[in-house]
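Here is the structure we will look at, set down as structure tokens.
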Amino acid sequence: MDFVLILIGLSIMWLFMYKIEWLFDFGVSFLVILIYSIILFALSFLLLEINYGNPNIVVSLRMPIISLAIFKMFHIIFKFIYKRNPENTAWVFKKKPIQDILFSILFWLLGVGLPFFLVIL
Amino acid sequence: MTWIDTRSRNGIWVDERITEEPKLEYNKTTGIYSFTGDVVVINRFIPFSGRVEGGDGNEQRSILPSITSYISIGGGIIGGLEQSYKYGDNTVKYAQIVNGKVRAASVLTRASQMNAAKMATGLKVVGRSVTGLSVATAGYQFANSNMSGNDYARLTGSLVITGTAFIPLVGPIISIGLGVADNYGAFDDIYNYFE
């Protein structure tokens, strides 16, 4: 169950990998993801309150809201500069613009990796 | 011994530099062996001349491989144009000339390109899943650790290794290579430094 919580905590990462377009606009999909992230954030406090499982694992449910905020920040900056949406360059076997590669790597390190450390703190 | 280093120009490999191996020489006066020419001499290739200009800008020597290179490159370009005309944009001809010899030349037909595209798509889905699961596993191990500096370094290392998969073309191979090396403890000394 602990591993499942980690996988749920990485929800935004999974969307980034397979359905990145859901994260782009401020429409229905984004609203659903935002509410989902807020629910998980609140759920982490509830689970800690009832002493459910390993506290270090339970706090991973707070990661989606942080990842989403970082993604939107990067996305807004990217769109402001390049007037288009970025692409995920993971496991791509053809040439891609360097700005997309940098966006992907930066999000990976700061949007996926950093929340691990932030929620533990 | 002389090596001919090749560089890619617009997808076609040409001889561009020549480097000379350092030679061991015996000095009769001092009785000491010493390396001469230990600084690598880089010679500039003069296009379409079949000659190179030495590092001092004066010396010129003929290099026979360049002539065969021209023949191979010319053949490759003609063949590529022919195939492009035949199959349109979906066919690519690669001619690689290394040391004056054609190392690899292949024509991708429409069918093989479609198969390659299907395989790449499948590989992308599987690869992304593996990357995601790798970081999830690293996070799980981190959450169950005693949160020492070593554990922070391991999680960061895992993120960097999986992050290389975002480099197009070669990234996934680098990521797999580093991941295997990490599993065999190749970076343990680095992680332990943060203990």
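Letters A, B, ... go to the chains of the structure tokens in the order shown; residues in each chain start at 1; ligands are counted from 1 in the same order.
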
Given only C-alpha atoms, how would the per-residue table for chain A near chain B read, listing every residue at most 8 Å away with its closest atom pair and distance in Å to one decimal, sorted by chain and number, as a tab-separated table?
residue	atom	partner	partner_atom	distance
A:Asp2	CA	B:Tyr140	CA	7.7
A:Phe3	CA	B:Tyr140	CA	6.4
A:Ile6	CA	B:Ala136	CA	6.2
A:Leu7	CA	B:Ala136	CA	6.3
A:Leu10	CA	B:Ala136	CA	7.5
A:Met13	CA	B:Gly132	CA	7.5
A:Trp14	CA	B:Gly132	CA	7.2
A:Met17	CA	B:Arg128	CA	6.5
A:Tyr18	CA	B:Val125	CA	8.0
A:Asn56	CA	B:Ala143	CA	5.3
A:Ile57	CA	B:Ala143	CA	5.9
A:Asn88	CA	B:Phe166	CA	7.7
A:Thr89	CA	B:Phe166	CA	5.0
A:Ala90	CA	B:Phe166	CA	4.0
A:Trp91	CA	B:Lys124	CA	5.1
A:Val92	CA	B:Pro168	CA	5.1
A:Phe93	CA	B:Leu169	CA	4.3
A:Lys94	CA	B:Leu169	CA	5.8
A:Lys95	CA	B:Pro168	CA	6.1
A:Lys96	CA	B:Pro168	CA	6.7
A:Ile101	CA	B:Ile167	CA	6.3
A:Ser104	CA	B:Phe166	CA	6.5
A:Ile105	CA	B:Gly163	CA	6.0
A:Trp108	CA	B:Gly163	CA	6.4
A:Leu109	CA	B:Leu159	CA	6.6
A:Gly113	CA	B:Leu159	CA	6.4
A:Phe116	CA	B:Gly139	CA	7.0

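Among the candidates A:Ile12, A:Leu48, A:Val28, A:Ile35, the one nearest to A:Leu68 when counting only C-alpha atoms is A:Ile12.
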
For A:Ser67, work out the shell of residues within 7 Å, counting only C-alpha atoms and skipping chain neighbours fewer than 6 positions away, then give it as a VMD selection string.
chain A and resid 12 111 to 112 115

Contacts of A:Lys72 at 9 Å or less, counting only C-alpha atoms, minus same-chain residues fewer than 5 places along, as a VMD selection string?
chain A and resid 23 to 24 67 77

DSSP helix (DSSP H, G or I) residues within chain A, as a ChimeraX atom specification
/A:2-9,11-18,20-23,28-49,55-82,98-120

Writing out the chosen residues with C-alpha atoms as a short mmCIF file (atom, residue, chain, number, x, y, z; two decimals), in the first residue's frame:
data_model
loop_
_atom_site.label_atom_id
_atom_site.label_comp_id
_atom_site.auth_asym_id
_atom_site.auth_seq_id
_atom_site.Cartn_x
_atom_site.Cartn_y
_atom_site.Cartn_z
CA ASP A 2 2.91 2.31 0.73
CA PHE A 3 4.15 1.99 -2.84
CA VAL A 4 0.67 2.76 -4.17
CA LEU A 5 0.66 5.97 -2.11
CA ILE A 6 3.97 6.92 -3.71
CA LEU A 7 2.52 6.21 -7.17
CA ILE A 8 -0.52 8.38 -6.35
CA GLY A 9 1.83 11.06 -5.06
CA SER A 11 0.16 11.63 -10.28
CA ILE A 12 1.33 14.83 -11.97
CA MET A 13 4.45 13.03 -13.16
CA TRP A 14 2.26 10.33 -14.79
CA LEU A 15 0.15 13.02 -16.47
CA PHE A 16 3.33 14.73 -17.62
CA MET A 17 4.48 11.45 -19.13
CA TYR A 18 1.28 10.40 -20.90
CA ILE A 20 0.69 16.43 -20.81
CA GLU A 21 -2.04 18.31 -22.73
CA TRP A 22 -4.35 17.98 -19.72
CA LEU A 23 -1.94 20.18 -17.77
CA VAL A 28 -12.07 21.54 -17.09
CA SER A 29 -9.20 19.05 -17.10
CA PHE A 30 -6.98 21.45 -15.19
CA LEU A 31 -9.78 22.15 -12.69
CA VAL A 32 -10.31 18.43 -12.10
CA ILE A 33 -6.57 17.91 -11.59
CA LEU A 34 -6.41 20.89 -9.22
CA ILE A 35 -9.32 19.60 -7.11
CA TYR A 36 -7.80 16.09 -7.15
CA SER A 37 -4.48 17.50 -5.93
CA ILE A 38 -6.16 19.54 -3.18
CA ILE A 39 -8.13 16.49 -2.02
CA LEU A 40 -4.91 14.44 -1.83
CA PHE A 41 -3.23 17.28 0.05
CA ALA A 42 -6.05 17.36 2.60
CA LEU A 43 -6.15 13.56 2.75
CA SER A 44 -2.51 13.44 3.80
CA PHE A 45 -3.34 15.51 6.91
CA LEU A 46 -6.31 13.27 7.68
CA LEU A 47 -4.24 10.07 7.33
CA LEU A 48 -1.52 11.50 9.54
CA GLU A 49 -4.17 12.44 12.10
CA PRO A 55 4.18 9.13 7.93
CA ASN A 56 7.08 9.58 5.48
CA ILE A 57 5.04 7.81 2.81
CA VAL A 58 1.71 9.47 3.62
CA VAL A 59 3.20 12.94 3.12
CA SER A 60 3.91 11.98 -0.51
CA LEU A 61 0.21 12.71 -1.13
CA ARG A 62 1.15 16.38 -0.84
CA MET A 63 3.43 16.16 -3.85
CA PRO A 64 0.81 16.59 -6.62
CA ILE A 65 -0.17 20.12 -5.60
CA ILE A 66 3.49 21.17 -5.46
CA SER A 67 4.28 19.49 -8.80
CA LEU A 68 1.24 21.09 -10.41
CA ALA A 69 2.22 24.55 -9.17
CA ILE A 70 5.78 24.12 -10.48
CA PHE A 71 4.53 22.80 -13.83
CA LYS A 72 2.13 25.72 -14.29
CA MET A 73 4.86 28.19 -13.39
CA PHE A 74 7.26 26.66 -15.92
CA HIS A 75 4.51 26.36 -18.52
CA ILE A 76 3.48 30.01 -18.22
CA ILE A 77 7.11 31.13 -18.56
CA PHE A 78 7.69 28.81 -21.53
CA LYS A 79 4.53 29.94 -23.30
CA PHE A 80 5.33 33.58 -22.65
CA ILE A 81 8.75 33.19 -24.28
CA TYR A 82 8.06 30.74 -27.12
CA ILE A 98 16.61 22.38 -26.91
CA GLN A 99 14.03 24.51 -25.05
CA ASP A 100 11.67 21.51 -24.84
CA ILE A 101 14.48 19.31 -23.55
CA LEU A 102 15.42 21.88 -20.92
CA PHE A 103 11.78 22.28 -19.92
CA SER A 104 11.39 18.51 -19.51
CA ILE A 105 14.60 18.06 -17.53
CA LEU A 106 13.94 21.09 -15.33
CA PHE A 107 10.42 19.90 -14.56
CA TRP A 108 11.75 16.42 -13.85
CA LEU A 109 14.30 17.70 -11.35
CA LEU A 110 12.27 20.52 -9.77
CA GLY A 111 8.68 19.38 -10.36
CA VAL A 112 9.14 15.66 -9.66
CA GLY A 113 12.31 15.47 -7.58
CA LEU A 114 12.08 18.58 -5.42
CA PRO A 115 8.63 17.75 -3.94
CA PHE A 116 10.11 14.54 -2.47
CA PHE A 117 12.43 16.66 -0.37
CA LEU A 118 9.90 19.41 0.34
CA VAL A 119 7.20 17.12 1.73
CA ILE A 120 9.71 15.33 3.96
#

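In this model, the gap between atom CA of A:Leu121 and atom CA of B:Arg154 comes to 17.1 Å.
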
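Take atom CA of A:Gly53 and atom CA of A:Met1: the distance between them is 8.7 Å.
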